[in-house]
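Containing mmCIF, C-alpha atoms and all ligand atoms: my_file.cif.
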```
data_entry
loop_
_atom_site.label_atom_id
_atom_site.label_comp_id
_atom_site.auth_asym_id
_atom_site.auth_seq_id
_atom_site.Cartn_x
_atom_site.Cartn_y
_atom_site.Cartn_z
CA MET Q 2 -5.80 27.21 -23.67
CA ALA Q 3 -5.99 23.43 -23.68
CA ASP Q 4 -9.28 21.69 -23.20
CA ILE Q 5 -9.12 18.77 -20.74
CA ASP Q 6 -11.75 16.03 -20.67
CA VAL Q 7 -11.59 13.24 -18.09
CA TYR Q 8 -13.24 9.85 -18.66
CA PRO Q 9 -13.96 7.15 -16.08
CA ASP Q 10 -11.64 4.56 -17.59
CA ALA Q 11 -9.63 3.60 -20.69
CA GLU Q 12 -12.65 2.12 -22.43
CA ALA Q 13 -14.73 5.27 -21.99
CA LEU Q 14 -11.72 7.26 -23.21
CA ALA Q 15 -11.47 5.15 -26.37
CA THR Q 16 -15.21 5.49 -26.99
CA ALA Q 17 -15.12 9.27 -26.60
CA ALA Q 18 -12.01 9.56 -28.78
CA ALA Q 19 -13.69 7.48 -31.50
CA GLU Q 20 -16.74 9.75 -31.36
CA ARG Q 21 -14.48 12.79 -31.69
CA PHE Q 22 -12.61 11.22 -34.63
CA VAL Q 23 -15.87 10.33 -36.43
CA ALA Q 24 -17.33 13.80 -35.89
CA LEU Q 25 -14.15 15.61 -36.94
CA ALA Q 26 -13.80 13.43 -40.03
CA ALA Q 27 -17.42 14.05 -41.09
CA GLU Q 28 -17.13 17.79 -40.51
CA THR Q 29 -13.78 18.09 -42.30
CA ILE Q 30 -14.75 15.91 -45.27
CA ALA Q 31 -17.97 17.92 -45.66
CA ARG Q 32 -15.85 21.06 -45.91
CA HIS Q 33 -12.65 19.93 -47.66
CA ASP Q 34 -13.61 16.56 -49.16
CA ARG Q 35 -10.68 14.96 -47.31
CA PHE Q 36 -9.42 14.33 -43.76
CA ALA Q 37 -5.68 14.27 -43.17
CA VAL Q 38 -4.80 12.72 -39.82
CA ALA Q 39 -1.45 11.85 -38.22
CA LEU Q 40 -1.69 8.78 -35.99
CA SER Q 41 0.20 8.36 -32.75
CA GLY Q 42 2.07 5.21 -31.85
CA GLY Q 43 2.33 3.48 -28.51
CA SER Q 44 -0.31 1.43 -26.68
CA THR Q 45 -2.86 4.06 -25.64
CA PRO Q 46 -4.29 4.83 -29.08
CA LYS Q 47 -4.60 1.12 -29.94
CA ALA Q 48 -7.98 0.96 -28.17
CA LEU Q 49 -9.14 3.94 -30.24
CA TYR Q 50 -7.97 2.34 -33.49
CA SER Q 51 -9.71 -0.93 -32.63
CA ARG Q 52 -12.89 0.97 -31.79
CA LEU Q 53 -12.78 2.83 -35.12
CA ALA Q 54 -12.46 -0.53 -36.90
CA SER Q 55 -15.46 -1.97 -35.04
CA PRO Q 56 -18.65 -2.64 -37.06
CA ASP Q 57 -20.44 0.17 -35.15
CA ASP Q 58 -17.93 2.82 -36.09
CA ALA Q 59 -16.13 1.66 -39.23
CA MET Q 60 -19.00 2.56 -41.52
CA ARG Q 61 -19.42 5.99 -39.92
CA VAL Q 62 -16.23 7.23 -41.58
CA GLU Q 63 -15.82 7.87 -45.30
CA TRP Q 64 -12.50 6.01 -45.35
CA ASP Q 65 -11.91 6.74 -49.05
CA ARG Q 66 -11.63 10.45 -48.11
CA VAL Q 67 -9.23 9.85 -45.23
CA HIS Q 68 -5.44 10.17 -45.55
CA ILE Q 69 -3.45 8.48 -42.80
CA PHE Q 70 -0.03 9.77 -41.81
CA PHE Q 71 2.12 9.11 -38.74
CA GLY Q 72 3.35 11.45 -36.03
CA ASP Q 73 6.42 9.34 -35.51
CA GLU Q 74 7.89 5.94 -36.27
CA ARG Q 75 10.54 3.64 -34.96
CA CYS Q 76 13.33 2.92 -37.46
CA VAL Q 77 12.36 -0.72 -37.95
CA PRO Q 78 10.74 -2.59 -40.86
CA PRO Q 79 6.96 -2.23 -41.24
CA ASP Q 80 6.36 -5.77 -39.99
CA HIS Q 81 8.46 -5.30 -36.86
CA PRO Q 82 6.42 -5.54 -33.62
CA ASP Q 83 7.78 -2.13 -32.54
CA SER Q 84 6.55 -0.40 -35.70
CA ASN Q 85 3.77 2.16 -35.14
CA TYR Q 86 2.59 1.46 -38.68
CA HIS Q 87 2.43 -2.27 -37.86
CA MET Q 88 0.29 -1.55 -34.79
CA ALA Q 89 -2.06 0.78 -36.71
CA ARG Q 90 -2.31 -1.65 -39.63
CA GLU Q 91 -3.32 -4.56 -37.39
CA ALA Q 92 -5.69 -2.52 -35.18
CA LEU Q 93 -7.28 -0.37 -37.88
CA LEU Q 94 -5.91 -0.06 -41.41
CA ASN Q 95 -6.37 -3.69 -42.41
CA ARG Q 96 -9.92 -3.63 -41.04
CA VAL Q 97 -11.44 -0.59 -42.78
CA PRO Q 98 -11.92 0.12 -46.51
CA ILE Q 99 -9.19 2.75 -46.79
CA PRO Q 100 -7.45 2.81 -50.19
CA ARG Q 101 -3.80 1.78 -49.93
CA HIS Q 102 -2.66 5.02 -51.60
CA CYS Q 103 -4.27 6.94 -48.72
CA ILE Q 104 -1.88 5.41 -46.18
CA HIS Q 105 1.39 7.34 -45.95
CA ARG Q 106 3.73 5.49 -43.62
CA MET Q 107 7.16 6.65 -42.59
CA HIS Q 108 9.75 4.27 -44.05
CA GLY Q 109 11.33 3.01 -40.87
CA GLU Q 110 13.30 0.42 -42.80
CA MET Q 111 15.32 3.12 -44.61
CA ASP Q 112 18.37 5.06 -43.47
CA PRO Q 113 16.86 7.42 -40.83
CA GLN Q 114 18.12 10.65 -42.39
CA GLU Q 115 16.91 9.60 -45.85
CA ALA Q 116 13.56 8.47 -44.46
CA ALA Q 117 13.07 11.82 -42.70
CA GLN Q 118 13.89 13.70 -45.90
CA GLU Q 119 11.59 11.46 -47.92
CA TYR Q 120 8.68 11.94 -45.51
CA GLU Q 121 9.14 15.69 -45.56
CA GLU Q 122 8.88 15.50 -49.37
CA THR Q 123 5.72 13.40 -48.96
CA LEU Q 124 4.19 16.11 -46.77
CA ILE Q 125 5.28 18.87 -49.18
CA GLY Q 126 3.68 16.98 -52.04
CA PHE Q 127 0.45 16.21 -50.21
CA PHE Q 128 -0.08 19.65 -48.71
CA ASN Q 129 1.19 21.36 -51.89
CA THR Q 130 3.32 23.80 -49.97
CA ARG Q 131 6.77 24.27 -51.46
CA PRO Q 132 9.14 25.55 -48.84
CA ASP Q 133 10.59 28.90 -49.80
CA GLU Q 134 12.49 31.55 -47.90
CA GLN Q 135 9.58 33.92 -47.47
CA ALA Q 136 6.40 32.12 -46.67
CA ARG Q 137 7.21 28.46 -46.15
CA GLY Q 138 3.71 27.08 -46.15
CA LYS Q 139 3.10 24.60 -43.40
CA PRO Q 140 1.39 21.18 -43.60
CA ARG Q 141 -1.89 21.74 -41.80
CA PHE Q 142 -3.17 18.37 -40.61
CA ASP Q 143 -6.88 18.25 -39.84
CA LEU Q 144 -6.05 16.11 -36.80
CA ILE Q 145 -2.86 15.03 -35.06
CA LEU Q 146 -3.18 12.35 -32.39
CA LEU Q 147 -0.52 12.41 -29.70
CA GLY Q 148 0.41 10.45 -26.61
CA LEU Q 149 2.40 11.34 -23.52
CA GLY Q 150 5.39 9.30 -22.48
CA GLU Q 151 6.20 8.78 -18.79
CA ASP Q 152 9.22 11.05 -19.35
CA GLY Q 153 7.06 13.79 -20.87
CA HIS Q 154 7.90 13.03 -24.50
CA THR Q 155 5.35 13.17 -27.29
CA ALA Q 156 5.67 11.79 -30.80
CA SER Q 157 9.43 11.16 -30.74
CA LEU Q 158 10.32 14.50 -29.23
CA PHE Q 159 12.29 13.41 -26.19
CA PRO Q 160 13.62 15.40 -23.21
CA GLY Q 161 16.91 17.13 -24.02
CA SER Q 162 16.51 16.70 -27.78
CA THR Q 163 17.19 19.67 -30.05
CA ALA Q 164 14.23 18.45 -32.14
CA VAL Q 165 11.96 19.98 -29.50
CA ARG Q 166 13.13 23.42 -30.64
CA GLU Q 167 13.23 22.72 -34.41
CA GLU Q 168 11.84 25.67 -36.38
CA TRP Q 169 12.48 24.72 -40.02
CA HIS Q 170 12.31 20.98 -40.75
CA TRP Q 171 9.00 19.18 -40.64
CA VAL Q 172 10.43 15.71 -40.09
CA LEU Q 173 13.61 14.74 -38.26
CA ALA Q 174 15.49 11.52 -37.52
CA VAL Q 175 16.38 11.34 -33.84
CA ASN Q 176 18.44 8.88 -31.78
CA PRO Q 177 16.84 9.03 -28.32
CA GLU Q 178 19.08 8.04 -25.41
CA HIS Q 179 16.75 5.50 -23.83
CA ALA Q 180 14.99 4.21 -26.93
CA PRO Q 181 16.33 1.03 -28.58
CA GLN Q 182 16.08 2.42 -32.10
CA TRP Q 183 16.49 5.60 -34.10
CA ARG Q 184 13.15 7.29 -34.64
CA LEU Q 185 11.44 9.56 -37.14
CA THR Q 186 9.27 12.35 -35.83
CA LEU Q 187 7.15 15.26 -36.92
CA THR Q 188 8.58 18.43 -35.44
CA PRO Q 189 6.73 21.14 -33.47
CA VAL Q 190 6.54 23.09 -36.76
CA VAL Q 191 4.01 20.54 -37.99
CA LEU Q 192 2.38 19.70 -34.66
CA ASN Q 193 1.61 23.39 -34.07
CA ALA Q 194 0.28 24.00 -37.60
CA ALA Q 195 -2.52 21.45 -37.07
CA ALA Q 196 -6.19 22.39 -37.10
CA ASN Q 197 -6.83 19.97 -34.21
CA GLY Q 198 -4.50 18.22 -31.80
CA ILE Q 199 -5.65 15.54 -29.37
CA PHE Q 200 -3.55 14.02 -26.61
CA LEU Q 201 -4.76 10.63 -25.42
CA VAL Q 202 -3.44 9.80 -21.95
CA SER Q 203 -4.37 6.77 -19.90
CA GLY Q 204 -3.16 5.06 -16.74
CA GLU Q 205 -1.83 5.93 -13.31
CA ALA Q 206 1.76 5.76 -14.57
CA LYS Q 207 1.16 9.02 -16.45
CA ARG Q 208 -0.50 10.88 -13.55
CA GLU Q 209 2.52 12.72 -12.17
CA ARG Q 210 3.88 13.69 -15.57
CA LEU Q 211 0.45 14.79 -16.82
CA ARG Q 212 0.09 17.10 -13.85
CA GLU Q 213 3.57 18.54 -14.44
CA VAL Q 214 2.86 19.10 -18.13
CA LEU Q 215 -0.50 20.77 -17.55
CA GLU Q 216 0.07 22.60 -14.29
CA GLY Q 217 3.81 22.82 -13.76
CA LEU Q 218 6.40 25.28 -15.00
CA CYS Q 219 6.70 25.59 -18.78
CA ARG Q 220 9.94 23.75 -19.54
CA PRO Q 221 9.50 21.97 -22.86
CA ASP Q 222 13.15 20.90 -23.05
CA GLU Q 223 12.43 18.62 -20.10
CA LEU Q 224 8.72 18.13 -20.88
CA PRO Q 225 8.48 18.12 -24.69
CA ALA Q 226 4.69 17.63 -24.68
CA GLN Q 227 4.52 21.26 -23.50
CA ILE Q 228 5.84 22.45 -26.88
CA VAL Q 229 2.52 21.47 -28.48
CA SER Q 230 0.33 24.55 -28.76
CA PRO Q 231 -1.38 24.83 -32.18
CA THR Q 232 -0.98 28.37 -33.50
CA ASP Q 233 -4.40 28.40 -35.13
CA GLY Q 234 -6.04 25.19 -34.00
CA THR Q 235 -7.61 23.36 -31.10
CA LEU Q 236 -5.80 21.27 -28.50
CA GLN Q 237 -7.71 18.71 -26.49
CA TRP Q 238 -6.43 16.47 -23.71
CA MET Q 239 -8.57 13.34 -23.45
CA VAL Q 240 -7.49 11.49 -20.33
CA ASP Q 241 -8.87 8.73 -18.11
CA GLN Q 242 -9.45 9.06 -14.37
CA GLN Q 243 -6.37 6.96 -13.64
CA ALA Q 244 -4.14 9.49 -15.38
CA ALA Q 245 -6.04 12.52 -14.10
CA GLY Q 246 -5.90 11.50 -10.44
C1 LIG S 301 5.59 6.11 -29.79
C2 LIG S 301 4.59 7.21 -29.60
C3 LIG S 301 4.89 7.88 -28.30
C4 LIG S 301 3.75 7.52 -27.40
C5 LIG S 301 4.11 7.71 -25.96
C6 LIG S 301 3.01 7.14 -25.07
O1 LIG S 301 6.08 5.94 -30.91
O2 LIG S 301 5.81 5.41 -28.81
O3 LIG S 301 4.43 8.04 -30.62
O4 LIG S 301 5.04 9.26 -28.35
O5 LIG S 301 2.62 8.30 -27.73
O6 LIG S 301 5.33 6.99 -25.71
O7 LIG S 301 2.95 5.78 -25.36
P1 LIG S 301 1.85 4.84 -24.65
O8 LIG S 301 0.54 5.25 -25.21
O9 LIG S 301 2.27 3.45 -25.05
O10 LIG S 301 1.97 5.09 -23.18
#
```
Represent the structure contained in this file as structure tokens.
Amino acid sequence: MADIDVYPDAEALATAAAERFVALAAETIARHDRFAVALSGGSTPKALYSRLASPDDAMRVEWDRVHIFFGDERCVPPDHPDSNYHMAREALLNRVPIPRHCIHRMHGEMDPQEAAQEYEETLIGFFNTRPDEQARGKPRFDLILLGLGEDGHTASLFPGSTAVREEWHWVLAVNPEHAPQWRLTLTPVVLNAAANGIFLVSGEAKRERLREVLEGLCRPDELPAQIVSPTDGTLQWMVDQQAAG
């Protein structure tokens, strides 16, 4: 069952999400000596990233034990304004002492299919789980941050996409109908193997869709965010009052 926390406004949401990130990182690093997190793109998490880079919070995370991955990426160069990596680099990664080798971006500048294949290899290497017929180990992120699009998408799993039902690949290249570029996305195989998933949702524009996702009929082909249900992990919705209604 998902856990839903409502905050008065976007700033309080960012503060609470930063607290959750700091606590989860400390707890995970104490146990595993590393914290593997997949960042979300879009505008909502930017406030969280900026907060984590603030003097108050930056030193509360052992950044040299953190490994940063991405839940999805637009197929553009890393300096392109649409790049999720570009946004995270400016808001967070260039402002905290995280070693460069701990940042694992999706190569949006490459051919999409090749970039998806390469990122899947990156995950296989990092999580040391060789896919085999019997027990294809799964990459278990300590935390995956997700957003909710106004059409119900999350990561780059869009309504009507077969990627929503993917059961083998961990990373796919997709060509969403209404998006200007090809995209790379983690599939539900990875999203649902996570130890902790957090949706960050802010703003009145998301209200109707959020209600449909949380309270409406289960129809993930139309509302891909509904496909996220960690098999053996927590799922938390952190939303502001504007989105919660
Ligand atoms: C992206 C994100 C995407 C995002 C939603 C919500 O690449 O755009 O991964 O899934 O989370 O579109 O975006 P906002 O936070 O900007 O509303």
Exercise for review: Enumerate as a ChimeraX atom specification the residues within 8 Å of ligand LIG 301 (chain S), counting all atoms listed in the file.
Suggested key: /Q:41-46,72-75,84-85,147-151,154-158,201-203,207
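Within 12 Å of the file-frame point (-19.1, 12.5, -40.7), and using only C-alpha atoms, the polymer residues found are Ala19, Glu20, Arg21, Phe22, Val23, Ala24, Leu25, Ala26, Ala27, Glu28, Thr29, Ile30, Ala31, Arg32, Asp34, Arg35, Phe36, Asp58, Ala59, Met60, Arg61, Val62, Glu63, Trp64, Arg66 and Val67 of chain Q.
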Cut-off 10 Å: closest stretch 182-206 of chain Q/stretch 164-168 of chain Q atom pairs per residue, using only C-alpha atoms, as JSON lines:
```
{"residue": "Q:Thr186", "atom": "CA", "partner": "Q:Ala164", "partner_atom": "CA", "distance": 8.7}
{"residue": "Q:Leu187", "atom": "CA", "partner": "Q:Ala164", "partner_atom": "CA", "distance": 9.1}
{"residue": "Q:Thr188", "atom": "CA", "partner": "Q:Glu167", "partner_atom": "CA", "distance": 6.4}
{"residue": "Q:Pro189", "atom": "CA", "partner": "Q:Val165", "partner_atom": "CA", "distance": 6.7}
{"residue": "Q:Val190", "atom": "CA", "partner": "Q:Glu168", "partner_atom": "CA", "distance": 5.9}
{"residue": "Q:Val191", "atom": "CA", "partner": "Q:Glu168", "partner_atom": "CA", "distance": 9.5}
```
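Ranking Q:Phe70, Q:Pro82, Q:Pro225, Q:Leu236 by their shortest atom-to-atom distance to Q:His105, with all atoms listed in the file included, puts Q:Phe70 first.
The space separating atom CA of Q:Ala194 from atom CA of Q:Leu144 comes to 10.1 Å.
Of the residues listed (Q:Leu146, Q:Leu224, Q:Ala18, Q:Cys103), Q:Leu146 shows the shortest atom-to-atom separation from Q:Ala195; distances use all atoms listed in the file.
Remark: for Q:Arg210, the closest of the candidate residues Q:Leu49, Q:Ala244, Q:Leu185, Q:Met239 is Q:Ala244 (distances computed over only C-alpha atoms).
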Exercise for review: Between atom CA of Q:His170 and atom CA of Q:Gln118, measure the distance and give it in Å to one decimal.
Suggested key: 9.1 Å
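The closest residue to Q:Arg96, picked from Q:Cys219, Q:Cys76, Q:Ala54, Q:Ile145 and counting all atoms listed in the file, is Q:Ala54.
Distances from Q:Pro177, Q:Gly198, Q:Pro79, Q:Gly234 to Q:Ser162 were compared using only C-alpha atoms, and the smallest one belongs to Q:Pro177.
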Review point. Nearest to Q:Asp152: which of Q:Ala196, Q:Ile99, Q:Val214, Q:Val175 is it, counting all atoms listed in the file?
Key: Q:Val214
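Separating atom CA of Q:Ala37 from atom CA of Q:Pro56 is a distance of 22.2 Å.
Residues within 12 Å of Q:Gln243, counting only C-alpha atoms and excluding same-chain residues fewer than 4 positions away, are Val7, Tyr8, Pro9, Asp10, Ala11, Glu12, Ala13, Leu14, Val202, Ser203, Gly204, Glu205, Ala206, Lys207, Arg208, Glu209, Leu211 and Met239 of chain Q.
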